[in-house]
Structure formats: C-alpha cells, structure tokens
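One structure is given here, and the rest of the page talks about it.
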Amino acid sequence: MSHLLLGAALFLILNVGAGLLRVIRGPTPADRMVAAQLFGTSGVAILLLLAEASDEGSLRDVALIFALLAVVISVAFVKRGWIRAEGSSDGEADHAG
Amino acid sequence: MPADLTLTLVMEVASGILIVAGCLFFLAGTVGLLRFPDLYCRLHALTKADTLGLGLIVAGLVLQNPVWPARLQLVLIWILALSAAATVCHLLARSSLAAGIEPIREPGGSSAGVTSAGEDR
Amino acid sequence: MTALGFLLDAAVVLLLVGLATRLLLTRHLFEAIVLFVSYGLTLSLAWVRLGAPNIALAEAALGAGVTGALFLNTYQRLTERIGDGPKSPLLEDDGSRDPPAWFKGVLGGGVLLLVLGAGWALLGAGRRPAFLPHEIAARLPETGVQNPVTGVLLNFRGYDTLLEIAVLVAAMAGVWSLDRGSRRFGRARGEPDEDPVLHALTRFAVPVTVVTAVYLTWVGSTEPGGAFQAGSLLAGAGVLLTVAGVLPPPTAASRPVRAMVAGGMAGFILAGIAVLPLTGQFLHYPEGWAYPMILGIEALLTVSIAVVLVELFVDVPAVPEPDPALESVDPSGDPLGRALRGKEGS
C-alpha cells in the first residue's frame with residue numbers, strides 16, 4: 001500500500017513542478033498567485049500521503065499549516081500584491097505615524 | 001476467506017481507487033492552469049479540480065487509517081482547504097477584475113484583453 | 001519502496017535547484033516573490049523527507065508564509081513610490097545593471113569553492129563529530145520535555161534561544177525608531193473591508209489558526225511544534241485580521257503592544273535569574289520545574305514572536321519622495337539609491 005502512497009506523492013510533486021511554469025509565464029500577478037495556490041493544495045495532499053506512508057502523524061500538522069498559510073498569503077496578495085492605481089482607496093491607510 | 005479480511009481488502013482497493021482518482025483531478029487542474037486562455041478560466045480550473053482531488057485523496061486515506069482522531073483531522077483539513085479555496089478564488093477574481101484584467105468574451109479569443117494596469121513587472 | 005523513496009527525494013531536490021536557479025536569474029520582481037514562496041514550501045517538503053518535521057513546520061510557517069506576506073508588502077511599497085509608472089528601472093529588465101562576465105565568473109567560482117569546501121569539511125575530512133542525537137536522547141529526561149528539539153532549544157541551549165528572541169526584539173526596536181512619518185497599512189477599527197467574503201473567510205480562518213497555534217505551542221513539549229512555529233502561525237492570523245480591517249494595526253505607542261513584544265525576552269531572562277538562588281546557574285532549571293517553566297517561556301515567546309511579525313508586516317517605514325533635483329542630475333541611476341540619497345537630503 002505504501003507503494004501507492006509514495007507513488008501518488010511523487011506524481012503530485014511532478015504535477016506541481018509542471019504547474020509552476022505558470023509562475024514563470026504569468027502574465028498577470030494573479031496568474032502567478034494561482035500557481036502558488038496549486039502548490040498549497042498539492043502540498044497538503046503530498047504531506048497527508050507521506051504522513052500515512054511513514055506513519056508520522058506530525059506531518060498532518062505540517063499539512064494543516066500549509067493550508068492555513070495559503071490563506072494568509074492569498075489574502076495578503078489580494079490586499080497588497082496589486083500596484084494601486086492613482087487615487088485608489090483600496091487598502092488605503094491612515095497617515096498617523 | 002474470513003469476513004473481516006474481505007472487508008479489509010475491499011477497503012484497500014477502494015482507498016487505492018480514490019487516491020488514484022484524486023491524482024487525476026490534480027492533473028486536470030494543472031492542465032487547466034497551463035492550457036486555459038485567461039486568468040478566470042485558470043482560477044476556475046484550479047480551485048475546483050484541486051479541491052476535489054484533495055477530497056478524494058483524503059477519503060482514500062480515511063479508509064486506510066484506523067485511528068479516529070487522525071481520520072477527524074484529515075476531514076477537518078479538507079474542510080479547511082475546501083472553504084479556503086472557494087473564498088480565495090472569489091477574492092482573487094474580484095481583485096483581478098478591479099485591477100483591470102478583462103476576461104475573454106469569445107471562444108478562441110486570446111488573453112490580449114489584459115490591460116497594462118493588470119500586467120505585473 | 002526504497003526506489004520510489006529515492007525518486008521522490010530526487011524530484012524534491014530537482015524542484016529545489018530549479019526553483020532556486022530561476023529565482024536568482026529572473027528579473028521579474030513579482031515572479032521572484034512567488035518563486036520564493038514555492039521554494040519555501042518545497043524546502044519544507046525536503047525537511048519532511050529528511051525526517052525533521054520540526055524544521056518543516058518552521059520553514060512552512062516562517063520561511064514561506066510570513067516572509068512571503070512581508071515580501072508582498074515590500075513589493076507594493078516599492079512599486080507605489082519608486083516606480084513612476086510601468087517604466088520603473090528597478091522593476092524592468094533593461095540589462096544596464098548587468099555586471100561584467102569576469103565578475104560573474106569570479107563570484108560563481110568563489111561560491112562553488114565555498115560549497116565544495118564546506119562539503120569536504122563536513123564529510124570528507126575524516127573528523128567524525130560525536131553523534132549528538134544519542135547523547136541528547138540519553139539526557140532528554142533531564143530537560144523536562146519529550147521533544148528533543150524543544151529540550152535542546154530551551155534547556156541545553158537556552159542561551160541560544162534567548163539571543164534569538166533578543167534579535168527579534170532588537171529588529172522591532174530598529175523598525176520603530178525608523179517609524180517617523182511612516183504610513184501604516186490597514187484600517188482603523190470600525191471601518192471594516194467592504195468585501196463580505198473576505199470577512200467570512202477571516203471569521204472562519206482566524207479561530208482555526210489561533211487554535212492550531214495554541215496546539216503547536218502545547219504539543220511542542222512532546223512532539224514537533226514550538227514557540228517559533230506557533231508564533232508565526234499566530235502572526236498569520238494577525239495579518240489576516242489587520243488586512244481585513246477587523247483589528248486596527250498595532251502601534252508602537254501602545255503599552256500592551258510593547259509589553260507583548262518585550263514579554264518573551266523579559267520572561268526568559270527573569271526565569272533565568274529566578275533559578276539562580278536554587279541552582280546557582282543562569283537558566284539552569286531546578287529539578288521538577290523544567291516542564292512548567294519551559295511551557296511558560298514558550299507561551300510568552302509565542303506571543304512576542306507573533307506581535308513582532310505582525311508589527312513588521314503593518315509598519316513599513318515610508319519610502320521618501322524622490323528629490324526632483326537629484327533626479328535631474330542622475331536620470332538613469334538606480335531609483336533605490338536615489339531614494340536613499342533623497343532621504344539623507346530631507
């Protein structure tokens with residue numbers, strides 16, 4: 001059974017590697033970000049498979065961290081990753097220092 | 001063959017099928033990410049297919065793992081990834097529209113609709 | 001089984017090298033950021049394959065997650081002030097800043113020598129260091145915890161960890177001292193983001209993140225986890241909250257924020273001093289007290305690390321306006337240097 005688990009993990013890593021071409025191609029920042037999203041989800045799957053294959057429960061915690069931080073990165077991108085147009089108020093800050 | 005052994009065998013086979021099916025959905029998501037013409041199609045392809053793939057893999061692993069807390073943790077991670085993917089997809093699409101990235105309107109159209117505001121540097 | 005494991009390792013290594021190479025060669029700033037995050041996640045997988053889930057946790061949380069968010073912040077700041085439109089030299093490849101080939105050759109050769117030398121020193125020099133894991137395992141019961149990494153970090157090598165948190169506090173003090181005139185990201189309280197979906201996501205993800213962080217601190221004494229991993233996760237929750245406008249960004253002027261930043265280091269030092277009359281040595285915990293003391297220090301450290309990281313995210317010193325006089329003298333020069341010179345002038 002662990003053959004299948006490791007094989008699936010290997011497949012997913014190769015899959016991620018192919019998907020990362022989108023990071024290089026772009027063309028918009030959102031396209032690159034979507035590819036990072038792919039890595040987040042696949043990373044969770046890979047870690048869960050490895051956790052089962054190696055019977056190491058703490059890898060499920062690592063998978064949980066992957067899932068949570070994918071959210072943080074994506075939200076940070078939505079709010080910080082765009083170059084703001086002149087006069088746009090999105091994410092605008094108060095000037096109090 | 002004793003009944004519980006048969007059950008184990010059935011579970012193993014079902015688990016294997018689920019995991020392989022999950023991998024195929026991941027593959028479909030990546031093909032979409034690389035081949036689809038614009039950002040919105042790619043977002044759609046990736047966030048849906050990958051989440052389903054993850055769900056199938058989690059289902060396969062739940063069948064294999066006899067420990068209940070571990071099973072619960074697996075399912076919770078999937079629910080987290082599911083809701084995160086759905087909302088993040090919406091947020092990304094919304095902010096891209098606001099940034100001036102036009103979706104393609106006609107079949108066969110290129111992603112030339114991207115305005116200069118949307119291009120990164 | 002082993003062949004499959006080998007292929008898996010090979011795939012991870014190839015991905016790492018490929019990502020690192022592209023990351024160094026690309027001139028696309030945003031692409032580099034996304035590649036950096038991907039590199040961090042791959043590195044985390046590598047640590048998993050090396051049997052070091054502790055470091056995998058830290059790498060995923062700090063290396064990929066929080067650092068990625070900080071880079072995104074920096075990206076926006078760079079592009080909004082220095083970049084005058086799409087033609088900003090910092091963000092566009094004009095080839096003019098390419099160093100000469102001989103320089104690249106010398107640099108590359110030097111790095112190669114350094115790597116080979118380090119490899120030789122570690123593996124080939126014939127000097128085998130004592131196998132630490134055995135010694136640590138033998139004396140682990142004395143540390144009061146069951147996770148060897150936590151035992152080493154907070155008991156055997158307490159000084160080291162104390163200095164690590166001191167570095168973070170010093171960095172925070174440095175950022176605060178540059179704070180004059182900086183713009184703070186985020187919104188004031190009571191002015192939440194207009195997007196209901198972002199709100200729903202925050203309301204859902206933040207509690208899960210906080211619970212996971214508490215769990216990681218707690219479990220750190222027996223299994224992979226600990227203050228740095230939990231702290232950066234908690235910082236992720238803080239980033240979500242401030243970005244969504246639910247919480248006002250923390251300010252240096254607020255006493256609770258200062259107390260939380262200093263709390264980890266102060267608690268660590270006080271605990272070290274408090275044991276002096278009992279054991280006669282700084283940070284030498286008396287028998288039976290090691291576990292509760294480590295847990296308390298870990299909890300304080302978690303909060304400190306989280307607050308420092310959130311502050312670093314929201315509190316970015318302002319990029320000064322480019323000085324038009326300098327600009328006319330130096331039209332093709334690098335904008336970062338120009339901005340820095342402008343800062344001195346003003």
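Residue numbering restarts at 1 in every chain; chains get A, B, ... in the order shown in the structure tokens, and ligands count up from 1 in that same order.
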Please, which residues of chain A lie no more than 7 Å from chain B when the count uses only C-alpha atoms, and can they be set out as a PyMOL selection string?
chain A and resi 8+12+15+19+22+27-31+34+38+41+45+64+67+71+74+78
With C-alpha atoms retained, write the just-selected residues as a short mmCIF file (atom, residue, chain, number, x, y, z; two decimals), in the first residue's frame.
```cif
data_model
loop_
_atom_site.label_atom_id
_atom_site.label_comp_id
_atom_site.auth_asym_id
_atom_site.auth_seq_id
_atom_site.Cartn_x
_atom_site.Cartn_y
_atom_site.Cartn_z
CA ALA A 8 0.91 9.31 -5.62
CA LEU A 12 1.83 15.21 -7.23
CA ASN A 15 2.46 17.84 -11.15
CA GLY A 19 2.23 23.86 -12.73
CA ARG A 22 2.59 29.30 -14.89
CA PRO A 27 1.36 37.30 -17.41
CA THR A 28 -0.52 38.93 -14.53
CA PRO A 29 0.43 38.69 -10.86
CA ALA A 30 -2.83 36.87 -10.22
CA ASP A 31 -1.80 34.12 -12.65
CA VAL A 34 -2.92 30.91 -8.77
CA LEU A 38 -1.77 24.95 -6.70
CA THR A 41 -3.30 22.39 -2.19
CA ALA A 45 -2.11 16.31 -0.35
CA LEU A 64 -2.59 21.96 8.35
CA ALA A 67 -3.48 25.02 4.29
CA VAL A 71 -5.00 31.55 3.02
CA SER A 74 -3.58 34.78 -0.79
CA VAL A 78 -5.33 40.39 -2.74
#
```
So that I can check the surroundings of A:Met33, please list as a PyMOL selection string every protein, DNA and RNA residue that reaches within 8 Å of it, counting only C-alpha atoms and ignoring chain neighbours fewer than 5 positions away.
(chain A and resi 23+74+77) or (chain C and resi 34)
With C-alpha atoms retained, could you export that selection as a PDB file, in the first residue's frame?
```
ATOM      1  CA  VAL A  23       4.561  31.271 -12.289  1.00  0.00           C
ATOM      2  CA  SER A  74      -3.581  34.783  -0.793  1.00  0.00           C
ATOM      3  CA  PHE A  77      -1.770  39.234  -2.088  1.00  0.00           C
TER       4      PHE A  77
ATOM      5  CA  VAL C  34       6.001  33.700  -5.835  1.00  0.00           C
TER       6      VAL C  34
END
```
When DSSP works through the backbone of this structure, what residues of chain A end up as alpha helix (DSSP H), shown as a PDB file with N, CA and C atoms, in the first residue's frame?
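Written out: states-v2.pdb:
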```pdb
ATOM      1  N   SER A   2       1.988   1.196   0.712  1.00  0.00           N
ATOM      2  CA  SER A   2       2.786   2.420   0.786  1.00  0.00           C
ATOM      3  C   SER A   2       3.431   2.719  -0.567  1.00  0.00           C
ATOM      4  N   HIS A   3       3.514   1.693  -1.447  1.00  0.00           N
ATOM      5  CA  HIS A   3       3.947   1.962  -2.823  1.00  0.00           C
ATOM      6  C   HIS A   3       3.034   2.982  -3.466  1.00  0.00           C
ATOM      7  N   LEU A   4       1.742   2.714  -3.322  1.00  0.00           N
ATOM      8  CA  LEU A   4       0.751   3.589  -3.936  1.00  0.00           C
ATOM      9  C   LEU A   4       0.835   4.987  -3.343  1.00  0.00           C
ATOM     10  N   LEU A   5       0.978   5.060  -2.018  1.00  0.00           N
ATOM     11  CA  LEU A   5       1.020   6.365  -1.351  1.00  0.00           C
ATOM     12  C   LEU A   5       2.216   7.179  -1.830  1.00  0.00           C
ATOM     13  N   LEU A   6       3.399   6.538  -1.832  1.00  0.00           N
ATOM     14  CA  LEU A   6       4.602   7.252  -2.269  1.00  0.00           C
ATOM     15  C   LEU A   6       4.522   7.600  -3.745  1.00  0.00           C
ATOM     16  N   GLY A   7       3.977   6.660  -4.535  1.00  0.00           N
ATOM     17  CA  GLY A   7       3.829   6.920  -5.961  1.00  0.00           C
ATOM     18  C   GLY A   7       2.933   8.121  -6.200  1.00  0.00           C
ATOM     19  N   ALA A   8       1.826   8.178  -5.473  1.00  0.00           N
ATOM     20  CA  ALA A   8       0.907   9.310  -5.624  1.00  0.00           C
ATOM     21  C   ALA A   8       1.602  10.607  -5.221  1.00  0.00           C
ATOM     22  N   ALA A   9       2.389  10.559  -4.115  1.00  0.00           N
ATOM     23  CA  ALA A   9       3.106  11.765  -3.682  1.00  0.00           C
ATOM     24  C   ALA A   9       4.084  12.214  -4.757  1.00  0.00           C
ATOM     25  N   LEU A  10       4.798  11.244  -5.358  1.00  0.00           N
ATOM     26  CA  LEU A  10       5.748  11.576  -6.427  1.00  0.00           C
ATOM     27  C   LEU A  10       5.025  12.228  -7.601  1.00  0.00           C
ATOM     28  N   PHE A  11       3.900  11.624  -7.967  1.00  0.00           N
ATOM     29  CA  PHE A  11       3.105  12.163  -9.078  1.00  0.00           C
ATOM     30  C   PHE A  11       2.713  13.613  -8.797  1.00  0.00           C
ATOM     31  N   LEU A  12       2.289  13.863  -7.565  1.00  0.00           N
ATOM     32  CA  LEU A  12       1.828  15.213  -7.230  1.00  0.00           C
ATOM     33  C   LEU A  12       2.985  16.218  -7.248  1.00  0.00           C
ATOM     34  N   ILE A  13       4.178  15.785  -6.827  1.00  0.00           N
ATOM     35  CA  ILE A  13       5.323  16.697  -6.873  1.00  0.00           C
ATOM     36  C   ILE A  13       5.648  17.066  -8.321  1.00  0.00           C
ATOM     37  N   LEU A  14       5.632  16.060  -9.209  1.00  0.00           N
ATOM     38  CA  LEU A  14       5.891  16.341 -10.618  1.00  0.00           C
ATOM     39  C   LEU A  14       4.820  17.269 -11.181  1.00  0.00           C
ATOM     40  N   ASN A  15       3.593  17.029 -10.739  1.00  0.00           N
ATOM     41  CA  ASN A  15       2.461  17.844 -11.155  1.00  0.00           C
ATOM     42  C   ASN A  15       2.676  19.306 -10.754  1.00  0.00           C
ATOM     43  N   VAL A  16       3.148  19.502  -9.515  1.00  0.00           N
ATOM     44  CA  VAL A  16       3.431  20.855  -9.034  1.00  0.00           C
ATOM     45  C   VAL A  16       4.518  21.490  -9.885  1.00  0.00           C
ATOM     46  N   GLY A  17       5.571  20.700 -10.151  1.00  0.00           N
ATOM     47  CA  GLY A  17       6.673  21.230 -10.951  1.00  0.00           C
ATOM     48  C   GLY A  17       6.192  21.730 -12.301  1.00  0.00           C
ATOM     49  N   ALA A  18       5.272  20.974 -12.937  1.00  0.00           N
ATOM     50  CA  ALA A  18       4.718  21.417 -14.212  1.00  0.00           C
ATOM     51  C   ALA A  18       3.891  22.685 -14.016  1.00  0.00           C
ATOM     52  N   GLY A  19       3.099  22.703 -12.964  1.00  0.00           N
ATOM     53  CA  GLY A  19       2.226  23.858 -12.732  1.00  0.00           C
ATOM     54  C   GLY A  19       3.001  25.135 -12.486  1.00  0.00           C
ATOM     55  N   LEU A  21       5.300  26.282 -14.087  1.00  0.00           N
ATOM     56  CA  LEU A  21       5.572  27.004 -15.335  1.00  0.00           C
ATOM     57  C   LEU A  21       4.700  28.247 -15.422  1.00  0.00           C
ATOM     58  N   ARG A  22       3.508  28.159 -14.847  1.00  0.00           N
ATOM     59  CA  ARG A  22       2.592  29.297 -14.887  1.00  0.00           C
ATOM     60  C   ARG A  22       3.148  30.478 -14.086  1.00  0.00           C
ATOM     61  N   VAL A  23       3.936  30.186 -13.051  1.00  0.00           N
ATOM     62  CA  VAL A  23       4.561  31.271 -12.289  1.00  0.00           C
ATOM     63  C   VAL A  23       5.510  32.039 -13.203  1.00  0.00           C
ATOM     64  N   ILE A  24       6.223  31.305 -14.055  1.00  0.00           N
ATOM     65  CA  ILE A  24       7.209  31.945 -14.921  1.00  0.00           C
ATOM     66  C   ILE A  24       6.517  32.679 -16.058  1.00  0.00           C
ATOM     67  N   ARG A  25       5.437  32.077 -16.586  1.00  0.00           N
ATOM     68  CA  ARG A  25       4.786  32.675 -17.749  1.00  0.00           C
ATOM     69  C   ARG A  25       3.926  33.874 -17.394  1.00  0.00           C
ATOM     70  N   PRO A  29       0.056  39.214 -12.181  1.00  0.00           N
ATOM     71  CA  PRO A  29       0.430  38.694 -10.856  1.00  0.00           C
ATOM     72  C   PRO A  29      -0.567  37.658 -10.358  1.00  0.00           C
ATOM     73  N   ALA A  30      -1.840  37.831 -10.698  1.00  0.00           N
ATOM     74  CA  ALA A  30      -2.833  36.874 -10.224  1.00  0.00           C
ATOM     75  C   ALA A  30      -2.572  35.489 -10.799  1.00  0.00           C
ATOM     76  N   ASP A  31      -2.116  35.423 -12.055  1.00  0.00           N
ATOM     77  CA  ASP A  31      -1.804  34.123 -12.652  1.00  0.00           C
ATOM     78  C   ASP A  31      -0.708  33.418 -11.862  1.00  0.00           C
ATOM     79  N   ARG A  32       0.308  34.182 -11.496  1.00  0.00           N
ATOM     80  CA  ARG A  32       1.412  33.591 -10.728  1.00  0.00           C
ATOM     81  C   ARG A  32       0.914  33.128  -9.367  1.00  0.00           C
ATOM     82  N   MET A  33       0.014  33.925  -8.807  1.00  0.00           N
ATOM     83  CA  MET A  33      -0.520  33.596  -7.490  1.00  0.00           C
ATOM     84  C   MET A  33      -1.347  32.313  -7.542  1.00  0.00           C
ATOM     85  N   VAL A  34      -2.099  32.111  -8.637  1.00  0.00           N
ATOM     86  CA  VAL A  34      -2.917  30.909  -8.769  1.00  0.00           C
ATOM     87  C   VAL A  34      -2.015  29.682  -8.753  1.00  0.00           C
ATOM     88  N   ALA A  35      -0.846  29.800  -9.390  1.00  0.00           N
ATOM     89  CA  ALA A  35       0.084  28.677  -9.401  1.00  0.00           C
ATOM     90  C   ALA A  35       0.584  28.377  -7.986  1.00  0.00           C
ATOM     91  N   ALA A  36       0.803  29.441  -7.201  1.00  0.00           N
ATOM     92  CA  ALA A  36       1.204  29.225  -5.810  1.00  0.00           C
ATOM     93  C   ALA A  36       0.090  28.523  -5.038  1.00  0.00           C
ATOM     94  N   GLN A  37      -1.141  28.853  -5.412  1.00  0.00           N
ATOM     95  CA  GLN A  37      -2.299  28.204  -4.799  1.00  0.00           C
ATOM     96  C   GLN A  37      -2.277  26.699  -5.076  1.00  0.00           C
ATOM     97  N   LEU A  38      -1.908  26.361  -6.326  1.00  0.00           N
ATOM     98  CA  LEU A  38      -1.772  24.946  -6.697  1.00  0.00           C
ATOM     99  C   LEU A  38      -0.777  24.257  -5.769  1.00  0.00           C
ATOM    100  N   PHE A  39       0.326  24.949  -5.495  1.00  0.00           N
ATOM    101  CA  PHE A  39       1.338  24.370  -4.630  1.00  0.00           C
ATOM    102  C   PHE A  39       0.770  24.151  -3.224  1.00  0.00           C
ATOM    103  N   GLY A  40      -0.020  25.105  -2.744  1.00  0.00           N
ATOM    104  CA  GLY A  40      -0.616  24.958  -1.421  1.00  0.00           C
ATOM    105  C   GLY A  40      -1.459  23.699  -1.314  1.00  0.00           C
ATOM    106  N   THR A  41      -2.400  23.538  -2.253  1.00  0.00           N
ATOM    107  CA  THR A  41      -3.299  22.387  -2.193  1.00  0.00           C
ATOM    108  C   THR A  41      -2.541  21.078  -2.403  1.00  0.00           C
ATOM    109  N   SER A  42      -1.643  21.060  -3.415  1.00  0.00           N
ATOM    110  CA  SER A  42      -0.892  19.828  -3.677  1.00  0.00           C
ATOM    111  C   SER A  42       0.013  19.509  -2.501  1.00  0.00           C
ATOM    112  N   GLY A  43       0.600  20.562  -1.892  1.00  0.00           N
ATOM    113  CA  GLY A  43       1.465  20.333  -0.740  1.00  0.00           C
ATOM    114  C   GLY A  43       0.711  19.648   0.386  1.00  0.00           C
ATOM    115  N   VAL A  44      -0.516  20.083   0.626  1.00  0.00           N
ATOM    116  CA  VAL A  44      -1.343  19.446   1.648  1.00  0.00           C
ATOM    117  C   VAL A  44      -1.529  17.973   1.315  1.00  0.00           C
ATOM    118  N   ALA A  45      -1.882  17.700   0.051  1.00  0.00           N
ATOM    119  CA  ALA A  45      -2.115  16.309  -0.352  1.00  0.00           C
ATOM    120  C   ALA A  45      -0.843  15.474  -0.197  1.00  0.00           C
ATOM    121  N   ILE A  46       0.303  16.030  -0.639  1.00  0.00           N
ATOM    122  CA  ILE A  46       1.573  15.295  -0.552  1.00  0.00           C
ATOM    123  C   ILE A  46       1.886  14.972   0.904  1.00  0.00           C
ATOM    124  N   LEU A  47       1.723  15.959   1.777  1.00  0.00           N
ATOM    125  CA  LEU A  47       2.054  15.748   3.185  1.00  0.00           C
ATOM    126  C   LEU A  47       1.130  14.716   3.817  1.00  0.00           C
ATOM    127  N   LEU A  48      -0.152  14.749   3.464  1.00  0.00           N
ATOM    128  CA  LEU A  48      -1.076  13.760   4.034  1.00  0.00           C
ATOM    129  C   LEU A  48      -0.704  12.356   3.569  1.00  0.00           C
ATOM    130  N   LEU A  49      -0.310  12.241   2.280  1.00  0.00           N
ATOM    131  CA  LEU A  49       0.097  10.935   1.762  1.00  0.00           C
ATOM    132  C   LEU A  49       1.353  10.443   2.480  1.00  0.00           C
ATOM    133  N   LEU A  50       2.326  11.354   2.663  1.00  0.00           N
ATOM    134  CA  LEU A  50       3.572  10.966   3.333  1.00  0.00           C
ATOM    135  C   LEU A  50       3.310  10.616   4.798  1.00  0.00           C
ATOM    136  N   ALA A  51       2.376  11.361   5.424  1.00  0.00           N
ATOM    137  CA  ALA A  51       2.050  11.065   6.823  1.00  0.00           C
ATOM    138  C   ALA A  51       1.556   9.632   6.959  1.00  0.00           C
ATOM    139  N   GLU A  52       0.721   9.216   5.994  1.00  0.00           N
ATOM    140  CA  GLU A  52       0.175   7.861   6.046  1.00  0.00           C
ATOM    141  C   GLU A  52       1.269   6.842   5.714  1.00  0.00           C
ATOM    142  N   ALA A  53       2.093   7.171   4.715  1.00  0.00           N
ATOM    143  CA  ALA A  53       3.103   6.219   4.270  1.00  0.00           C
ATOM    144  C   ALA A  53       4.163   5.978   5.343  1.00  0.00           C
ATOM    145  N   SER A  54       4.548   7.040   6.049  1.00  0.00           N
ATOM    146  CA  SER A  54       5.624   6.886   7.023  1.00  0.00           C
ATOM    147  C   SER A  54       5.084   6.772   8.442  1.00  0.00           C
ATOM    148  N   SER A  58       2.741  13.777  12.839  1.00  0.00           N
ATOM    149  CA  SER A  58       3.006  15.212  12.903  1.00  0.00           C
ATOM    150  C   SER A  58       3.026  15.844  11.514  1.00  0.00           C
ATOM    151  N   LEU A  59       3.164  15.000  10.465  1.00  0.00           N
ATOM    152  CA  LEU A  59       3.132  15.575   9.124  1.00  0.00           C
ATOM    153  C   LEU A  59       1.750  16.117   8.791  1.00  0.00           C
ATOM    154  N   ARG A  60       0.722  15.578   9.454  1.00  0.00           N
ATOM    155  CA  ARG A  60      -0.615  16.146   9.260  1.00  0.00           C
ATOM    156  C   ARG A  60      -0.673  17.562   9.812  1.00  0.00           C
ATOM    157  N   ASP A  61       0.087  17.821  10.883  1.00  0.00           N
ATOM    158  CA  ASP A  61       0.155  19.196  11.404  1.00  0.00           C
ATOM    159  C   ASP A  61       0.820  20.113  10.387  1.00  0.00           C
ATOM    160  N   VAL A  62       1.877  19.606   9.737  1.00  0.00           N
ATOM    161  CA  VAL A  62       2.536  20.414   8.709  1.00  0.00           C
ATOM    162  C   VAL A  62       1.550  20.713   7.583  1.00  0.00           C
ATOM    163  N   ALA A  63       0.744  19.702   7.214  1.00  0.00           N
ATOM    164  CA  ALA A  63      -0.256  19.905   6.161  1.00  0.00           C
ATOM    165  C   ALA A  63      -1.251  20.984   6.570  1.00  0.00           C
ATOM    166  N   LEU A  64      -1.652  20.961   7.829  1.00  0.00           N
ATOM    167  CA  LEU A  64      -2.588  21.964   8.347  1.00  0.00           C
ATOM    168  C   LEU A  64      -1.999  23.368   8.219  1.00  0.00           C
ATOM    169  N   ILE A  65      -0.690  23.478   8.544  1.00  0.00           N
ATOM    170  CA  ILE A  65      -0.009  24.779   8.430  1.00  0.00           C
ATOM    171  C   ILE A  65       0.010  25.243   6.979  1.00  0.00           C
ATOM    172  N   PHE A  66       0.295  24.307   6.062  1.00  0.00           N
ATOM    173  CA  PHE A  66       0.282  24.650   4.631  1.00  0.00           C
ATOM    174  C   PHE A  66      -1.068  25.254   4.268  1.00  0.00           C
ATOM    175  N   ALA A  67      -2.146  24.573   4.685  1.00  0.00           N
ATOM    176  CA  ALA A  67      -3.484  25.022   4.293  1.00  0.00           C
ATOM    177  C   ALA A  67      -3.772  26.404   4.869  1.00  0.00           C
ATOM    178  N   LEU A  68      -3.395  26.621   6.139  1.00  0.00           N
ATOM    179  CA  LEU A  68      -3.695  27.904   6.786  1.00  0.00           C
ATOM    180  C   LEU A  68      -2.880  29.035   6.162  1.00  0.00           C
ATOM    181  N   LEU A  69      -1.591  28.774   5.879  1.00  0.00           N
ATOM    182  CA  LEU A  69      -0.755  29.857   5.387  1.00  0.00           C
ATOM    183  C   LEU A  69      -1.034  30.177   3.929  1.00  0.00           C
ATOM    184  N   ALA A  70      -1.590  29.195   3.185  1.00  0.00           N
ATOM    185  CA  ALA A  70      -2.027  29.509   1.824  1.00  0.00           C
ATOM    186  C   ALA A  70      -3.091  30.593   1.872  1.00  0.00           C
ATOM    187  N   VAL A  71      -3.961  30.524   2.870  1.00  0.00           N
ATOM    188  CA  VAL A  71      -4.998  31.550   3.024  1.00  0.00           C
ATOM    189  C   VAL A  71      -4.359  32.902   3.311  1.00  0.00           C
ATOM    190  N   VAL A  72      -3.403  32.920   4.250  1.00  0.00           N
ATOM    191  CA  VAL A  72      -2.773  34.191   4.634  1.00  0.00           C
ATOM    192  C   VAL A  72      -2.086  34.831   3.436  1.00  0.00           C
ATOM    193  N   ILE A  73      -1.316  34.020   2.701  1.00  0.00           N
ATOM    194  CA  ILE A  73      -0.596  34.545   1.539  1.00  0.00           C
ATOM    195  C   ILE A  73      -1.574  35.100   0.503  1.00  0.00           C
ATOM    196  N   SER A  74      -2.647  34.338   0.242  1.00  0.00           N
ATOM    197  CA  SER A  74      -3.581  34.783  -0.793  1.00  0.00           C
ATOM    198  C   SER A  74      -4.253  36.088  -0.396  1.00  0.00           C
ATOM    199  N   VAL A  75      -4.681  36.183   0.862  1.00  0.00           N
ATOM    200  CA  VAL A  75      -5.351  37.408   1.300  1.00  0.00           C
ATOM    201  C   VAL A  75      -4.357  38.565   1.295  1.00  0.00           C
ATOM    202  N   ALA A  76      -3.126  38.303   1.736  1.00  0.00           N
ATOM    203  CA  ALA A  76      -2.103  39.348   1.696  1.00  0.00           C
ATOM    204  C   ALA A  76      -1.895  39.809   0.260  1.00  0.00           C
ATOM    205  N   PHE A  77      -1.941  38.856  -0.683  1.00  0.00           N
ATOM    206  CA  PHE A  77      -1.770  39.234  -2.088  1.00  0.00           C
ATOM    207  C   PHE A  77      -2.926  40.098  -2.572  1.00  0.00           C
ATOM    208  N   VAL A  78      -4.163  39.655  -2.257  1.00  0.00           N
ATOM    209  CA  VAL A  78      -5.327  40.394  -2.737  1.00  0.00           C
ATOM    210  C   VAL A  78      -5.279  41.832  -2.234  1.00  0.00           C
ATOM    211  N   LYS A  79      -4.787  42.008  -1.018  1.00  0.00           N
ATOM    212  CA  LYS A  79      -4.778  43.340  -0.418  1.00  0.00           C
ATOM    213  C   LYS A  79      -3.467  44.091  -0.648  1.00  0.00           C
ATOM    214  N   ARG A  80      -2.393  43.384  -0.983  1.00  0.00           N
ATOM    215  CA  ARG A  80      -1.098  44.054  -1.064  1.00  0.00           C
ATOM    216  C   ARG A  80      -0.372  43.846  -2.381  1.00  0.00           C
TER     217      ARG A  80
END
```
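With distances restricted to only C-alpha atoms, C:Val152 is the closest residue to C:Ile294 from C:Val152, C:Val257, C:Ala166, C:Ala235.
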Please measure the separation of atom CA of C:Lys104 and atom CA of C:Gly40, giving the value in Å to one decimal.
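Between atom CA of C:Lys104 and atom CA of C:Gly40 the gap works out to 26.0 Å.
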So how many Å separate atom CA of C:Leu309 and atom CA of C:Leu240, to one decimal?
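Atom CA of C:Leu240 lies 12.4 Å from atom CA of C:Leu309.
Atom CA of C:Pro292 lies 15.9 Å from atom CA of C:Ile273.
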